[in-house]
Amino acid sequence: MTQALVEFDTVVKRFGSFTAVKELNLEIHKGEFVAIMGPSGCGKTTTLRMLAGLDQPTDGEIRFSGRRMNDVGPSERDTPLVWQTLALFPFLNVVKNVEFGLKMRGMDAPTRHAKAMDWLQRLEIGEFATRDISQLSGGQRQRVALARALVTEPEILLLDEPLSALDAHLVIRMQGVLTRLQRELGITFVYVTHSQSEAFAMADRVVIMSNGLIEQIGTPQEIYREPSSRFVAEFVGRNNIIEGEVTRTAGGKVTINSPVGSCTAALPSQMKVKKGEPLSFVVSADVISLSNTKPKGENIIACELISEEFIGSVATLFVETASGAELKAQIQQRDLTKLDTSPGARIHLSWPSASVHILPQTSNLQGEMT
Amino acid sequence: MTSERAITWLLRIYIGLIFCFVFAPIAASFVFSFNSDRFPTIPLGDFSLQWYKNIYNDPAIWDALRNSLTTASVVAFVSTFIGFCTAYTDYRYRFFGKNFYLALALLPPTVPLVIFGLAMLAWLSQINMSGRSWSVIIAHVVLCTPFAMAIIRLRLAQMDQSLESAAWNLGASEWRAMREVIIPFTLPAIVSALCLTAAVSFDEFAVAWFVSGLNQTIPVVVLEILQGQVDPRINAIGTFVFLTSMTLVIIAQVLIMSRDKSKEDAG
């Protein structure tokens, strides 16, 4: 890869005795859509604010195209931010809001007005140019905020949970707008969110943070299928995380004795396990097959149905094994009709050993410690 | 329903009575200012503008008025400026002793005016600044700044915390952000503070009486006239002072109300 656009080099940020970000190392490349995701207080917003120069790192270095940025003030960087509150100026009308950044750069009035109008047209809100901010709907304000940030044609755009105040259907629409804009402009988006669906729908790479540390960096697929730690597996949800003990390893497969029964899993080639060792593995809810009669094959767990949850075309079934361990499985609604799903019904779960993801052991230890 | 209506009417009458209680003396003064009789008695004499002509032709009143207006305008600008700076430092920074700083800034109106005036006189004569034209200005600035600060602070509290950062983020230096964002946002409160501090200064008597010396303001002159004799000119002056102050206070109120509306819109 070429020179990274943004580099975080062991960046630490402390507020008094509280450490918001601990030794952050991250490279962001030109044209990438990176989502930083994590629960509240994980340090994702602080990371974004350091990128914008609104907070200074306590330790470490932030570089833009190789240049050290630690002591560069927010007004001397070209890192516009779309704020969670949008932070539109209420005393200026729509087009004056959009012009603001250009005005600060000393552009003359007619040119900046024309540019601002271009961006409003591009975001399909040209007709609202002379309106007051208070007269706009949530979705329209969102577009004004985007236009205001993009009008200076920056190399990088920062977004801090910009969609959190919108209705669900508007979120989907704005996701489309953002993805399209990012592709067309070819600029880097750094998008902070706690919403998995937003991050997975838009980002090329997702960074999962927790307690000021990066837990995992990867494509949405990797994060979802191969979580690197128990935290990520839990955060991503829709997963069954099972702890057990290695009873046998043979032929690239490992057999684990766990509360749900004896399970086999494909062992990653770089991983070494010994008999008797504790091991955690993840079975995504959507790789599990269900049937009322006992199927043939591996990893067959007999369960009793506790309850089911419908979300449109997908249903999640919550089941319990004879020993009391709880599991969840996700199936298409059309497959549900083939099953007896009365509460208490006998159901057999099964999954191929290749679909099992074994959590790296070191992160298991970390997970237990926190 | 009927009892509810009865209560509504009772409350209306109650409010009406309170307004009568507050405004009757002022209304009386207003009416008698146009009365030709020397003593305020009923039945009224003829309608007359003689008391207004009288004060119009009195150079002492003109001097006092000039003093009052100069004082009020200078006080309004200085105390609004200091009030703005205090409110902004409170909004923007955290520092050691901030609570003490705020308490100190809000203290002056809680001191009884006579004591405040006396203390001001003692202090200003100590440093050889009493009886000058700006003695009253200094005293009034101390008295009015907390009002200005309180109004502007309230407005800043309504501001989205990220607004100023957003300006920096878009390339504005700190001074530029102050000019382009903070001041426009607080402008209604600033104008409101200007009007209110001007009104307070224009009306204030006790402190001015102590420190004004020969540079008397209108309220001080009113007292001097009153001490000498019963003089209907007071009614005329009173009417004028009342109208001036009320205009300023009403402007301030209207601005405060309009800013509440803008808050609703934002929410």
# chains A, B, ... in the order shown; residues from 1 in each chain; ligands from 1
call {"tool": "residues_around", "arguments": {"residues": "Trp175 in chain B", "least_positions_apart": "6", "cutoff": "12 Å", "atoms": "only C-alpha atoms", "output": "ChimeraX atom specification"}}
result
/A:75,104 /B:164,167-168,181-183
call {"tool": "interface_residues", "arguments": {"of": "chain B", "to": "chain A", "cutoff": "9 Å", "atoms": "only C-alpha atoms", "output": "number ranges by chain"}}
result
B: 160-174, 176, 181, 184-185, 262, 265-267
call {"tool": "write_last_selection", "arguments": {"atoms": "C-alpha atoms", "output": "JSON list (two decimals), in the first residue's frame"}}
result
[["chain", "number", "residue", "atom", "x", "y", "z"],
["B", 160, "ASP", "CA", -25.50, 23.65, 21.32],
["B", 161, "GLN", "CA", -22.07, 22.89, 22.78],
["B", 162, "SER", "CA", -20.72, 21.83, 19.41],
["B", 163, "LEU", "CA", -21.65, 25.08, 17.63],
["B", 164, "GLU", "CA", -18.39, 26.83, 18.46],
["B", 165, "SER", "CA", -16.30, 23.73, 17.73],
["B", 166, "ALA", "CA", -18.17, 23.40, 14.43],
["B", 167, "ALA", "CA", -16.99, 26.89, 13.49],
["B", 168, "TRP", "CA", -13.36, 25.98, 14.29],
["B", 169, "ASN", "CA", -13.80, 22.75, 12.39],
["B", 170, "LEU", "CA", -14.88, 24.75, 9.34],
["B", 171, "GLY", "CA", -11.76, 26.87, 9.46],
["B", 172, "ALA", "CA", -12.65, 29.72, 11.82],
["B", 173, "SER", "CA", -9.98, 30.91, 14.25],
["B", 174, "GLU", "CA", -11.09, 31.40, 17.85],
["B", 176, "ARG", "CA", -13.44, 34.54, 14.09],
["B", 181, "VAL", "CA", -20.97, 32.36, 15.83],
["B", 184, "PRO", "CA", -24.64, 36.39, 16.44],
["B", 185, "PHE", "CA", -26.09, 33.64, 18.59],
["B", 262, "SER", "CA", -36.26, 30.24, 18.77],
["B", 265, "ASP", "CA", -37.99, 25.83, 17.08],
["B", 266, "ALA", "CA", -34.60, 24.31, 17.58],
["B", 267, "GLY", "CA", -36.03, 21.63, 19.84]]
call {"tool": "select_by_dssp", "arguments": {"residues": "range 212-264 of chain A", "states": "strand (DSSP E or B)", "output": "compact mmCIF listing (two decimals) with N, CA and C atoms, in the first residue's frame"}}
result
# COMPACT_ATOMS: atom_id res chain seq x y z
N LEU A 213 -9.50 0.60 23.53
CA LEU A 213 -8.61 -0.25 22.74
C LEU A 213 -9.33 -0.75 21.49
N ILE A 214 -8.52 -1.00 20.44
CA ILE A 214 -9.10 -1.61 19.25
C ILE A 214 -9.20 -3.12 19.49
N GLU A 215 -10.39 -3.65 19.32
CA GLU A 215 -10.59 -5.09 19.50
C GLU A 215 -10.33 -5.81 18.20
N GLN A 216 -10.79 -5.22 17.11
CA GLN A 216 -10.61 -5.87 15.82
C GLN A 216 -10.77 -4.87 14.69
N ILE A 217 -9.99 -5.07 13.63
CA ILE A 217 -10.15 -4.28 12.42
C ILE A 217 -10.38 -5.27 11.29
N GLY A 218 -11.41 -5.07 10.50
CA GLY A 218 -11.62 -6.00 9.39
C GLY A 218 -12.80 -5.57 8.55
N ASN A 239 -24.96 -14.30 17.78
CA ASN A 239 -23.97 -15.36 17.87
C ASN A 239 -24.22 -16.20 19.11
N ASN A 240 -23.87 -17.48 19.00
CA ASN A 240 -23.81 -18.32 20.18
C ASN A 240 -22.34 -18.46 20.54
N ILE A 241 -21.99 -18.04 21.75
CA ILE A 241 -20.60 -18.18 22.19
C ILE A 241 -20.57 -19.30 23.22
N ILE A 242 -19.82 -20.35 22.89
CA ILE A 242 -19.84 -21.55 23.72
C ILE A 242 -18.43 -21.82 24.25
N GLU A 243 -18.34 -22.08 25.55
CA GLU A 243 -17.04 -22.40 26.15
C GLU A 243 -16.98 -23.90 26.43
N GLY A 244 -15.81 -24.50 26.21
CA GLY A 244 -15.70 -25.93 26.47
C GLY A 244 -14.26 -26.33 26.69
N GLU A 245 -14.02 -27.64 26.60
CA GLU A 245 -12.69 -28.17 26.87
C GLU A 245 -12.34 -29.11 25.72
N VAL A 246 -11.11 -29.01 25.25
CA VAL A 246 -10.68 -29.84 24.13
C VAL A 246 -10.60 -31.30 24.59
N THR A 247 -11.26 -32.19 23.85
CA THR A 247 -11.16 -33.60 24.19
C THR A 247 -10.36 -34.39 23.16
N ARG A 248 -10.28 -33.88 21.93
CA ARG A 248 -9.58 -34.64 20.89
C ARG A 248 -9.20 -33.71 19.76
N THR A 249 -8.02 -33.86 19.19
CA THR A 249 -7.68 -33.16 17.95
C THR A 249 -7.20 -34.19 16.95
N ALA A 250 -7.77 -34.12 15.76
CA ALA A 250 -7.37 -35.05 14.71
C ALA A 250 -7.81 -34.54 13.36
N LYS A 253 -9.35 -31.15 12.78
CA LYS A 253 -10.59 -30.88 13.51
C LYS A 253 -10.34 -31.04 15.00
N VAL A 254 -11.14 -30.31 15.75
CA VAL A 254 -11.00 -30.41 17.19
C VAL A 254 -12.38 -30.76 17.77
N THR A 255 -12.38 -31.63 18.77
CA THR A 255 -13.64 -31.96 19.43
C THR A 255 -13.62 -31.29 20.80
N ILE A 256 -14.72 -30.62 21.08
CA ILE A 256 -14.79 -29.83 22.31
C ILE A 256 -15.98 -30.32 23.12
N ASN A 257 -15.72 -30.56 24.38
CA ASN A 257 -16.81 -30.93 25.27
C ASN A 257 -17.33 -29.65 25.93
N SER A 258 -18.62 -29.36 25.70
CA SER A 258 -19.16 -28.09 26.18
C SER A 258 -20.52 -28.33 26.83
N GLY A 261 -23.05 -29.98 24.72
CA GLY A 261 -22.75 -31.32 24.24
C GLY A 261 -21.39 -31.35 23.59
N SER A 262 -21.07 -32.45 22.95
CA SER A 262 -19.78 -32.57 22.28
C SER A 262 -19.88 -31.98 20.87
N CYS A 263 -18.98 -31.07 20.56
CA CYS A 263 -19.03 -30.41 19.26
C CYS A 263 -17.70 -30.56 18.55
N THR A 264 -17.74 -30.60 17.20
CA THR A 264 -16.49 -30.60 16.45
C THR A 264 -16.40 -29.30 15.65
call {"tool": "residues_around", "arguments": {"residues": "Ser350 in chain A", "least_positions_apart": "2", "cutoff": "12 Å", "atoms": "only C-alpha atoms", "output": "VMD selection string"}}
result
chain A and resid 260 to 264 283 to 303 327 to 329 347 to 348 352 to 356
call {"tool": "write_last_selection", "arguments": {"atoms": "N, CA and C atoms", "output": "CSV table (one decimal), in the first residue's frame"}}
result
chain,number,residue,atom,x,y,z
A,260,VAL,N,-23.3,-27.6,25.9
A,260,VAL,CA,-24.4,-28.0,24.9
A,260,VAL,C,-24.2,-29.4,24.4
A,261,GLY,N,-23.1,-30.0,24.7
A,261,GLY,CA,-22.8,-31.3,24.2
A,261,GLY,C,-21.4,-31.4,23.6
A,262,SER,N,-21.1,-32.4,23.0
A,262,SER,CA,-19.8,-32.6,22.3
A,262,SER,C,-19.9,-32.0,20.9
A,263,CYS,N,-19.0,-31.1,20.6
A,263,CYS,CA,-19.0,-30.4,19.3
A,263,CYS,C,-17.7,-30.6,18.5
A,264,THR,N,-17.7,-30.6,17.2
A,264,THR,CA,-16.5,-30.6,16.4
A,264,THR,C,-16.4,-29.3,15.7
A,283,VAL,N,-20.8,-19.9,17.1
A,283,VAL,CA,-21.7,-20.5,16.1
A,283,VAL,C,-22.7,-19.4,15.8
A,284,SER,N,-22.6,-18.8,14.6
A,284,SER,CA,-23.5,-17.8,14.2
A,284,SER,C,-24.9,-18.4,14.2
A,285,ALA,N,-25.9,-17.5,14.6
A,285,ALA,CA,-27.3,-18.0,14.6
A,285,ALA,C,-27.8,-18.4,13.2
A,286,ASP,N,-27.2,-17.8,12.2
A,286,ASP,CA,-27.7,-18.1,10.9
A,286,ASP,C,-27.1,-19.3,10.1
A,287,VAL,N,-26.1,-19.9,10.8
A,287,VAL,CA,-25.6,-21.1,10.1
A,287,VAL,C,-26.2,-22.4,10.7
A,288,ILE,N,-27.1,-22.2,11.6
A,288,ILE,CA,-27.7,-23.4,12.3
A,288,ILE,C,-28.9,-23.9,11.5
A,289,SER,N,-29.0,-25.2,11.2
A,289,SER,CA,-30.1,-25.8,10.6
A,289,SER,C,-31.0,-26.4,11.7
A,290,LEU,N,-32.3,-26.4,11.4
A,290,LEU,CA,-33.3,-26.9,12.4
A,290,LEU,C,-34.1,-28.0,11.8
A,291,SER,N,-34.5,-29.0,12.6
A,291,SER,CA,-35.5,-29.9,12.2
A,291,SER,C,-36.1,-30.6,13.4
A,292,ASN,N,-37.3,-31.1,13.3
A,292,ASN,CA,-38.0,-31.8,14.4
A,292,ASN,C,-37.5,-33.2,14.6
A,293,THR,N,-37.1,-33.8,13.4
A,293,THR,CA,-36.5,-35.2,13.5
A,293,THR,C,-35.0,-35.1,13.6
A,294,LYS,N,-34.4,-36.1,14.1
A,294,LYS,CA,-32.9,-36.1,14.3
A,294,LYS,C,-32.3,-36.2,12.9
A,295,PRO,N,-31.5,-35.3,12.5
A,295,PRO,CA,-30.8,-35.4,11.2
A,295,PRO,C,-29.5,-36.2,11.3
A,296,LYS,N,-28.9,-36.5,10.2
A,296,LYS,CA,-27.6,-37.1,10.2
A,296,LYS,C,-26.5,-36.1,10.2
A,297,GLY,N,-25.3,-36.4,10.6
A,297,GLY,CA,-24.1,-35.5,10.5
A,297,GLY,C,-23.5,-35.2,11.8
A,298,GLU,N,-22.8,-34.0,11.8
A,298,GLU,CA,-22.0,-33.7,13.0
A,298,GLU,C,-22.7,-32.5,13.8
A,299,ASN,N,-22.3,-32.3,15.0
A,299,ASN,CA,-22.8,-31.2,15.8
A,299,ASN,C,-24.4,-31.2,15.9
A,300,ILE,N,-24.9,-32.3,16.3
A,300,ILE,CA,-26.4,-32.3,16.4
A,300,ILE,C,-26.7,-32.2,17.9
A,301,ILE,N,-27.5,-31.2,18.2
A,301,ILE,CA,-27.9,-30.9,19.6
A,301,ILE,C,-29.4,-31.0,19.7
A,302,ALA,N,-29.9,-31.8,20.6
A,302,ALA,CA,-31.3,-31.9,20.8
A,302,ALA,C,-31.7,-30.8,21.8
A,303,CYS,N,-32.8,-30.1,21.5
A,303,CYS,CA,-33.2,-29.0,22.3
A,303,CYS,C,-34.7,-28.9,22.4
A,327,LEU,N,-29.4,-21.5,23.5
A,327,LEU,CA,-28.8,-21.2,22.2
A,327,LEU,C,-29.9,-20.5,21.4
A,328,LYS,N,-29.4,-19.7,20.3
A,328,LYS,CA,-30.4,-19.1,19.4
A,328,LYS,C,-30.0,-19.5,18.0
A,329,ALA,N,-31.1,-19.6,17.2
A,329,ALA,CA,-30.9,-19.9,15.8
A,329,ALA,C,-31.8,-19.1,15.0
A,347,ILE,N,-36.6,-29.9,19.1
A,347,ILE,CA,-36.0,-29.4,17.9
A,347,ILE,C,-34.5,-29.9,17.9
A,348,HIS,N,-34.0,-30.3,16.8
A,348,HIS,CA,-32.6,-30.7,16.7
A,348,HIS,C,-31.9,-29.6,15.9
A,352,PRO,N,-22.5,-27.3,10.4
A,352,PRO,CA,-21.3,-28.0,9.9
A,352,PRO,C,-20.1,-27.5,10.7
A,353,SER,N,-19.1,-28.4,10.9
A,353,SER,CA,-17.9,-28.0,11.7
A,353,SER,C,-17.1,-26.9,11.0
A,354,ALA,N,-17.3,-26.7,9.7
A,354,ALA,CA,-16.5,-25.7,9.0
A,354,ALA,C,-17.1,-24.3,9.3
A,355,SER,N,-18.3,-24.2,9.8
A,355,SER,CA,-18.9,-22.9,10.0
A,355,SER,C,-18.6,-22.4,11.5
A,356,VAL,N,-17.9,-23.3,12.2
A,356,VAL,CA,-17.7,-22.9,13.6
A,356,VAL,C,-16.4,-22.0,13.6
call {"tool": "select_by_dssp", "arguments": {"residues": "range 132-329 of chain A", "states": "helix (DSSP H, G or I)", "output": "VMD selection string"}}
result
chain A and resid 133 to 135 138 to 150 168 to 185 196 to 202 220 to 225 230 to 236 285 to 287
call {"tool": "closest_residue", "arguments": {"among": "B:Phe202, B:Phe240, B:Trp9, B:Trp123", "to": "Ile26 in chain B", "atoms": "only C-alpha atoms"}}
result
B:Phe240
call {"tool": "decode", "arguments": {"residues": "range 144-155 of chain B", "atoms": "all heavy atoms", "output": "mmCIF file, in the first residue's frame"}}
result
data_model
loop_
_atom_site.group_PDB
_atom_site.id
_atom_site.type_symbol
_atom_site.label_atom_id
_atom_site.label_comp_id
_atom_site.auth_asym_id
_atom_site.auth_seq_id
_atom_site.Cartn_x
_atom_site.Cartn_y
_atom_site.Cartn_z
ATOM 1 N N CYS B 144 -24.793 47.080 37.528
ATOM 2 C CA CYS B 144 -25.548 46.560 36.370
ATOM 3 C C CYS B 144 -24.924 45.322 35.726
ATOM 4 O O CYS B 144 -25.635 44.523 35.109
ATOM 5 C CB CYS B 144 -25.668 47.643 35.298
ATOM 6 S SG CYS B 144 -26.720 49.000 35.806
ATOM 7 N N THR B 145 -23.601 45.175 35.841
ATOM 8 C CA THR B 145 -22.925 44.055 35.173
ATOM 9 C C THR B 145 -23.567 42.697 35.482
ATOM 10 O O THR B 145 -23.764 41.889 34.570
ATOM 11 C CB THR B 145 -21.429 44.060 35.515
ATOM 12 O OG1 THR B 145 -20.892 45.293 35.064
ATOM 13 C CG2 THR B 145 -20.705 42.916 34.857
ATOM 14 N N PRO B 146 -23.908 42.399 36.751
ATOM 15 C CA PRO B 146 -24.518 41.086 37.014
ATOM 16 C C PRO B 146 -25.786 40.835 36.220
ATOM 17 O O PRO B 146 -26.027 39.695 35.801
ATOM 18 C CB PRO B 146 -24.820 41.144 38.516
ATOM 19 C CG PRO B 146 -23.867 42.136 39.056
ATOM 20 C CD PRO B 146 -23.681 43.163 37.984
ATOM 21 N N PHE B 147 -26.584 41.891 35.983
ATOM 22 C CA PHE B 147 -27.814 41.684 35.192
ATOM 23 C C PHE B 147 -27.450 41.288 33.763
ATOM 24 O O PHE B 147 -28.010 40.346 33.207
ATOM 25 C CB PHE B 147 -28.664 42.963 35.175
ATOM 26 C CG PHE B 147 -29.220 43.328 36.520
ATOM 27 C CD1 PHE B 147 -28.719 44.409 37.229
ATOM 28 C CD2 PHE B 147 -30.235 42.577 37.095
ATOM 29 C CE1 PHE B 147 -29.226 44.743 38.478
ATOM 30 C CE2 PHE B 147 -30.745 42.904 38.339
ATOM 31 C CZ PHE B 147 -30.242 43.995 39.040
ATOM 32 N N ALA B 148 -26.513 42.023 33.203
ATOM 33 C CA ALA B 148 -26.086 41.724 31.834
ATOM 34 C C ALA B 148 -25.533 40.308 31.755
ATOM 35 O O ALA B 148 -25.864 39.525 30.858
ATOM 36 C CB ALA B 148 -25.045 42.735 31.385
ATOM 37 N N MET B 149 -24.701 39.962 32.738
ATOM 38 C CA MET B 149 -24.078 38.640 32.730
ATOM 39 C C MET B 149 -25.147 37.546 32.812
ATOM 40 O O MET B 149 -25.104 36.565 32.074
ATOM 41 C CB MET B 149 -23.117 38.521 33.899
ATOM 42 C CG MET B 149 -22.484 37.158 33.964
ATOM 43 S SD MET B 149 -21.992 36.779 35.628
ATOM 44 C CE MET B 149 -21.754 35.048 35.521
ATOM 45 N N ALA B 150 -26.131 37.739 33.705
ATOM 46 C CA ALA B 150 -27.158 36.707 33.894
ATOM 47 C C ALA B 150 -27.927 36.474 32.596
ATOM 48 O O ALA B 150 -28.160 35.328 32.204
ATOM 49 C CB ALA B 150 -28.102 37.121 35.017
ATOM 50 N N ILE B 151 -28.289 37.547 31.914
ATOM 51 C CA ILE B 151 -29.077 37.406 30.679
ATOM 52 C C ILE B 151 -28.252 36.694 29.605
ATOM 53 O O ILE B 151 -28.731 35.770 28.940
ATOM 54 C CB ILE B 151 -29.522 38.790 30.167
ATOM 55 C CG1 ILE B 151 -30.501 39.417 31.159
ATOM 56 C CG2 ILE B 151 -30.159 38.680 28.794
ATOM 57 C CD1 ILE B 151 -30.845 40.851 30.842
ATOM 58 N N ILE B 152 -26.993 37.089 29.452
ATOM 59 C CA ILE B 152 -26.164 36.520 28.383
ATOM 60 C C ILE B 152 -25.797 35.066 28.712
ATOM 61 O O ILE B 152 -25.748 34.209 27.833
ATOM 62 C CB ILE B 152 -24.922 37.391 28.152
ATOM 63 C CG1 ILE B 152 -25.372 38.756 27.612
ATOM 64 C CG2 ILE B 152 -23.952 36.731 27.179
ATOM 65 C CD1 ILE B 152 -24.320 39.822 27.622
ATOM 66 N N ARG B 153 -25.608 34.811 29.991
ATOM 67 C CA ARG B 153 -25.273 33.457 30.421
ATOM 68 C C ARG B 153 -26.419 32.501 30.101
ATOM 69 O O ARG B 153 -26.215 31.365 29.669
ATOM 70 C CB ARG B 153 -25.021 33.491 31.928
ATOM 71 C CG ARG B 153 -24.361 32.277 32.480
ATOM 72 C CD ARG B 153 -23.796 32.604 33.846
ATOM 73 N NE ARG B 153 -23.417 31.393 34.519
ATOM 74 C CZ ARG B 153 -24.052 30.927 35.585
ATOM 75 N NH1 ARG B 153 -25.066 31.597 36.096
ATOM 76 N NH2 ARG B 153 -23.663 29.807 36.138
ATOM 77 N N LEU B 154 -27.622 32.969 30.317
ATOM 78 C CA LEU B 154 -28.812 32.166 30.031
ATOM 79 C C LEU B 154 -28.850 31.790 28.549
ATOM 80 O O LEU B 154 -29.141 30.661 28.180
ATOM 81 C CB LEU B 154 -30.047 32.993 30.382
ATOM 82 C CG LEU B 154 -31.324 32.238 30.681
ATOM 83 C CD1 LEU B 154 -31.151 31.493 31.988
ATOM 84 C CD2 LEU B 154 -32.487 33.218 30.792
ATOM 85 N N ARG B 155 -28.534 32.762 27.720
ATOM 86 C CA ARG B 155 -28.553 32.524 26.278
ATOM 87 C C ARG B 155 -27.459 31.520 25.884
ATOM 88 O O ARG B 155 -27.695 30.614 25.088
ATOM 89 C CB ARG B 155 -28.343 33.859 25.550
ATOM 90 C CG ARG B 155 -28.289 33.769 24.038
ATOM 91 C CD ARG B 155 -29.577 33.301 23.457
ATOM 92 N NE ARG B 155 -29.559 33.296 22.007
ATOM 93 C CZ ARG B 155 -30.452 32.656 21.269
ATOM 94 N NH1 ARG B 155 -31.428 31.993 21.840
ATOM 95 N NH2 ARG B 155 -30.376 32.690 19.965
#
